[in-house]
$ cat final.tsv   # TSV, C-alpha atoms
chain	number	residue	atom	x	y	z
U	1	MET	CA	66.06	-91.40	136.02
U	2	HIS	CA	69.65	-90.75	137.06
U	3	LEU	CA	72.07	-88.99	134.70
U	4	MET	CA	75.78	-88.52	135.21
U	5	LEU	CA	77.32	-85.51	133.48
U	6	ALA	CA	81.09	-85.28	133.01
U	7	TYR	CA	81.71	-81.62	133.79
U	8	ASP	CA	85.03	-79.78	133.97
U	9	HIS	CA	83.79	-76.19	133.70
U	10	SER	CA	85.09	-75.90	130.14
U	11	ARG	CA	83.38	-74.56	127.04
U	12	ASN	CA	82.60	-78.11	125.94
U	13	SER	CA	81.15	-79.25	129.24
U	14	ARG	CA	79.01	-76.10	129.29
U	15	ILE	CA	77.58	-77.18	125.91
U	16	ALA	CA	76.82	-80.61	127.41
U	17	LEU	CA	75.14	-78.96	130.42
U	18	ASP	CA	72.94	-76.89	128.11
U	19	ALA	CA	72.06	-80.05	126.16
U	20	VAL	CA	71.06	-81.88	129.35
U	21	ILE	CA	68.81	-78.98	130.37
U	22	GLY	CA	67.25	-78.86	126.91
U	23	MET	CA	66.81	-82.59	126.32
U	24	PHE	CA	65.87	-83.76	129.80
U	25	GLY	CA	64.21	-80.67	131.31
U	26	ALA	CA	60.70	-82.14	131.16
U	27	LEU	CA	61.84	-85.35	132.90
U	28	LYS	CA	63.67	-83.59	135.76
U	29	PRO	CA	66.12	-86.44	136.37
U	30	THR	CA	68.65	-86.57	139.16
U	31	VAL	CA	72.00	-85.40	137.79
U	32	THR	CA	75.38	-86.17	139.29
U	33	LEU	CA	78.07	-83.88	137.91
U	34	ILE	CA	81.37	-85.76	137.95
U	35	SER	CA	84.30	-83.38	137.79
U	36	VAL	CA	87.83	-84.74	137.58
U	37	ILE	CA	90.84	-82.59	138.34
U	38	GLU	CA	93.88	-84.08	136.70
U	39	ASP	CA	97.09	-83.83	138.69
U	40	VAL	CA	99.87	-81.69	137.25
U	41	ALA	CA	102.81	-84.01	136.56
U	42	SER	CA	105.36	-82.15	138.64
U	43	ALA	CA	106.43	-82.06	142.26
U	44	THR	CA	107.27	-78.35	142.38
U	45	ALA	CA	105.54	-75.79	144.58
U	46	GLY	CA	104.47	-73.94	141.44
U	47	ALA	CA	102.70	-77.04	140.16
U	48	ASP	CA	100.98	-77.42	143.54
U	49	ASP	CA	99.78	-73.82	143.33
U	50	MET	CA	98.54	-74.36	139.77
U	51	PHE	CA	96.73	-77.53	140.82
U	52	ASN	CA	95.12	-75.80	143.80
U	53	GLU	CA	93.96	-72.92	141.59
U	54	GLN	CA	92.57	-75.32	139.01
U	55	PHE	CA	90.88	-77.40	141.70
U	56	ALA	CA	89.22	-74.34	143.28
U	57	ALA	CA	88.07	-72.95	139.92
U	58	GLN	CA	86.76	-76.28	138.69
U	59	LYS	CA	84.99	-77.01	141.99
U	60	ALA	CA	83.34	-73.58	142.00
U	61	GLY	CA	82.33	-73.93	138.33
U	62	THR	CA	80.88	-77.39	138.89
U	63	GLU	CA	78.95	-76.24	141.96
U	64	ALA	CA	77.59	-73.31	139.92
U	65	ALA	CA	76.48	-75.78	137.23
U	66	ALA	CA	74.72	-77.87	139.88
U	67	ALA	CA	72.99	-74.73	141.18
U	68	GLU	CA	71.86	-73.96	137.63
U	69	LEU	CA	70.44	-77.46	137.26
U	70	ASN	CA	68.67	-77.06	140.61
U	71	ALA	CA	67.18	-73.76	139.41
U	72	HIS	CA	65.78	-75.63	136.39
U	73	GLY	CA	64.11	-78.18	138.69
U	74	PHE	CA	66.71	-80.95	138.50
U	75	ALA	CA	68.03	-82.66	141.63
U	76	ALA	CA	71.76	-82.13	141.17
U	77	LYS	CA	74.82	-83.10	143.17
U	78	VAL	CA	78.55	-82.74	142.66
U	79	MET	CA	81.12	-85.51	142.73
U	80	LEU	CA	84.79	-84.41	142.65
U	81	ALA	CA	87.68	-86.72	141.86
U	82	GLU	CA	91.42	-86.35	141.31
U	83	GLY	CA	93.40	-88.32	138.75
U	84	ASP	CA	93.01	-89.54	135.20
U	85	ALA	CA	89.61	-88.43	133.86
U	86	ARG	CA	89.05	-91.66	131.93
U	87	LYS	CA	89.57	-93.89	134.93
U	88	MET	CA	87.81	-91.67	137.44
U	89	ILE	CA	84.67	-91.24	135.32
U	90	LEU	CA	84.60	-94.98	134.64
U	91	ARG	CA	84.91	-95.67	138.37
U	92	ALA	CA	82.14	-93.15	139.14
U	93	THR	CA	79.76	-94.88	136.71
U	94	GLU	CA	80.57	-98.24	138.26
U	95	GLU	CA	79.85	-96.90	141.76
U	96	LYS	CA	76.78	-94.74	141.03
U	97	LYS	CA	75.29	-96.81	138.17
U	98	PRO	CA	73.61	-93.96	136.27
U	99	ASP	CA	70.99	-94.66	133.63
U	100	LEU	CA	72.97	-92.49	131.21
U	101	LEU	CA	76.41	-90.88	131.10
U	102	VAL	CA	76.50	-87.57	129.23
U	103	MET	CA	79.69	-85.89	128.12
U	104	ALA	CA	80.92	-83.42	125.55
U	105	ARG	CA	82.87	-84.46	122.50
U	106	HIS	CA	86.49	-83.38	122.56
U	107	SER	CA	87.31	-80.29	120.50
U	108	HIS	CA	90.17	-77.86	120.15
U	109	GLN	CA	88.04	-74.77	120.82
U	110	PRO	CA	89.83	-72.65	123.44
U	111	ASP	CA	88.43	-71.79	126.83
U	112	THR	CA	88.85	-68.36	128.32
U	113	GLY	CA	90.22	-67.53	131.75
U	114	PRO	CA	93.02	-65.81	133.65
U	115	LEU	CA	95.51	-68.67	133.24
U	116	GLY	CA	94.23	-69.23	129.71
U	117	PHE	CA	97.27	-69.12	127.46
U	118	PHE	CA	99.81	-70.92	129.67
U	119	THR	CA	97.39	-73.54	130.95
U	120	LYS	CA	96.03	-74.19	127.47
U	121	ARG	CA	99.50	-74.77	126.04
U	122	LEU	CA	100.51	-77.12	128.85
U	123	ASP	CA	97.17	-78.95	128.69
U	124	ALA	CA	97.39	-79.21	124.91
U	125	LEU	CA	100.79	-80.89	125.12
U	126	VAL	CA	99.72	-83.37	127.77
U	127	GLU	CA	96.38	-83.96	126.06
U	128	GLU	CA	97.96	-84.60	122.68
U	129	PHE	CA	100.31	-87.19	124.20
U	130	ASP	CA	97.42	-88.84	126.04
U	131	HIS	CA	95.26	-88.83	122.92
U	132	MET	CA	98.02	-90.47	120.87
U	133	THR	CA	98.63	-93.03	123.59
U	134	PHE	CA	95.18	-93.82	124.95
U	135	GLY	CA	92.59	-92.01	122.79
U	136	SER	CA	90.10	-89.40	123.91
U	137	VAL	CA	88.15	-89.66	127.16
U	138	SER	CA	84.91	-90.28	125.25
U	139	ALA	CA	86.51	-92.98	123.07
U	140	PHE	CA	87.95	-94.69	126.15
U	141	LEU	CA	84.60	-94.61	127.94
U	142	ALA	CA	82.65	-95.72	124.88
U	143	ARG	CA	84.66	-98.95	124.95
U	144	ARG	CA	84.38	-99.56	128.68
U	145	VAL	CA	81.41	-97.91	130.38
U	146	LYS	CA	78.52	-100.26	131.21
U	147	CYS	CA	75.72	-97.68	130.97
U	148	PRO	CA	74.50	-95.89	127.84
U	149	LEU	CA	76.73	-92.99	126.80
U	150	LEU	CA	75.54	-89.80	125.12
U	151	ILE	CA	78.33	-87.75	123.53
U	152	ILE	CA	77.27	-84.18	122.76
U	153	PRO	CA	78.81	-82.51	119.68
U	154	THR	CA	80.69	-79.32	120.55
U	155	HIS	CA	80.46	-77.22	117.41
U	156	ALA	CA	77.73	-75.03	118.96
U	157	GLN	CA	78.33	-72.15	121.35
U	158	PRO	CA	77.26	-72.60	125.00
U	159	GLN	CA	74.07	-70.78	126.00
U	160	GLY	CA	75.10	-69.59	129.48
$ encode --input "final.tsv" --output "structure tokens"
Amino acid sequence: MHLMLAYDHSRNSRIALDAVIGMFGALKPTVTLISVIEDVASATAGADDMFNEQFAAQKAGTEAAAAELNAHGFAAKVMLAEGDARKMILRATEEKKPDLLVMARHSHQPDTGPLGFFTKRLDALVEEFDHMTFGSVSAFLARRVKCPLLIIPTHAQPQG
């Protein structure tokens, strides 16, 4: 069995990771963590620095999640992409053809971190515009992805 887990090192994706470990632990499927870093919509050096910081943090967090899956007996690998999360996750499922795509449901629970406040406010603005225009990532994928999709509710607290 091959699972694909949309993972961005957020509170919500951590909840989805915990759910995968809990639900599929006995099966020990292969898990591909797809992590999409969305480009900051600016051509300034400051935006480049912010993107590079986000990329490094998200890559490290996703690799740590893969290591955690490996420690639980899963065969895990990381797939990084840059761009629109909806399109990149859809493309990844088309290329890798997983048996199941797992992702967290969108929520407005805040993440913590050093860039927390500023990044959250900027992300919230962009996300709200995207949501009004295109819908959430999970809603977009539910309409288009060709494999089964499991959307994990995010009202619980992550275990790790």
$ residues_near_point --input "final.tsv" --point "(86.3, -89.2, 126.5)" --cutoff "12 Å" --atoms "only C-alpha atoms" --output "PDB file with C-alpha atoms, in the coordinates of the input"
ATOM      1  CA  LEU U   5      77.320 -85.510 133.480  1.00  0.00           C
ATOM      2  CA  ALA U   6      81.090 -85.280 133.010  1.00  0.00           C
ATOM      3  CA  TYR U   7      81.710 -81.620 133.790  1.00  0.00           C
ATOM      4  CA  ASN U  12      82.600 -78.110 125.940  1.00  0.00           C
ATOM      5  CA  SER U  13      81.150 -79.250 129.240  1.00  0.00           C
ATOM      6  CA  ASP U  84      93.010 -89.540 135.200  1.00  0.00           C
ATOM      7  CA  ALA U  85      89.610 -88.430 133.860  1.00  0.00           C
ATOM      8  CA  ARG U  86      89.050 -91.660 131.930  1.00  0.00           C
ATOM      9  CA  LYS U  87      89.570 -93.890 134.930  1.00  0.00           C
ATOM     10  CA  MET U  88      87.810 -91.670 137.440  1.00  0.00           C
ATOM     11  CA  ILE U  89      84.670 -91.240 135.320  1.00  0.00           C
ATOM     12  CA  LEU U  90      84.600 -94.980 134.640  1.00  0.00           C
ATOM     13  CA  LEU U 101      76.410 -90.880 131.100  1.00  0.00           C
ATOM     14  CA  VAL U 102      76.500 -87.570 129.230  1.00  0.00           C
ATOM     15  CA  MET U 103      79.690 -85.890 128.120  1.00  0.00           C
ATOM     16  CA  ALA U 104      80.920 -83.420 125.550  1.00  0.00           C
ATOM     17  CA  ARG U 105      82.870 -84.460 122.500  1.00  0.00           C
ATOM     18  CA  HIS U 106      86.490 -83.380 122.560  1.00  0.00           C
ATOM     19  CA  SER U 107      87.310 -80.290 120.500  1.00  0.00           C
ATOM     20  CA  GLU U 127      96.380 -83.960 126.060  1.00  0.00           C
ATOM     21  CA  ASP U 130      97.420 -88.840 126.040  1.00  0.00           C
ATOM     22  CA  HIS U 131      95.260 -88.830 122.920  1.00  0.00           C
ATOM     23  CA  PHE U 134      95.180 -93.820 124.950  1.00  0.00           C
ATOM     24  CA  GLY U 135      92.590 -92.010 122.790  1.00  0.00           C
ATOM     25  CA  SER U 136      90.100 -89.400 123.910  1.00  0.00           C
ATOM     26  CA  VAL U 137      88.150 -89.660 127.160  1.00  0.00           C
ATOM     27  CA  SER U 138      84.910 -90.280 125.250  1.00  0.00           C
ATOM     28  CA  ALA U 139      86.510 -92.980 123.070  1.00  0.00           C
ATOM     29  CA  PHE U 140      87.950 -94.690 126.150  1.00  0.00           C
ATOM     30  CA  LEU U 141      84.600 -94.610 127.940  1.00  0.00           C
ATOM     31  CA  ALA U 142      82.650 -95.720 124.880  1.00  0.00           C
ATOM     32  CA  ARG U 143      84.660 -98.950 124.950  1.00  0.00           C
ATOM     33  CA  ARG U 144      84.380 -99.560 128.680  1.00  0.00           C
ATOM     34  CA  VAL U 145      81.410 -97.910 130.380  1.00  0.00           C
ATOM     35  CA  LEU U 149      76.730 -92.990 126.800  1.00  0.00           C
ATOM     36  CA  LEU U 150      75.540 -89.800 125.120  1.00  0.00           C
ATOM     37  CA  ILE U 151      78.330 -87.750 123.530  1.00  0.00           C
ATOM     38  CA  ILE U 152      77.270 -84.180 122.760  1.00  0.00           C
TER      39      ILE U 152
END
$ atom_distance --input "final.tsv" --atom1 "atom CA of Leu17 of chain U" --atom2 "atom CA of Glu38 of chain U"
20.4 Å
$ atom_distance --input "final.tsv" --atom1 "atom CA of Val20 of chain U" --atom2 "atom CA of Ala71 of chain U"
13.5 Å
$ atom_distance --input "final.tsv" --atom1 "atom CA of Ala64 of chain U" --atom2 "atom CA of Val36 of chain U"
15.5 Å
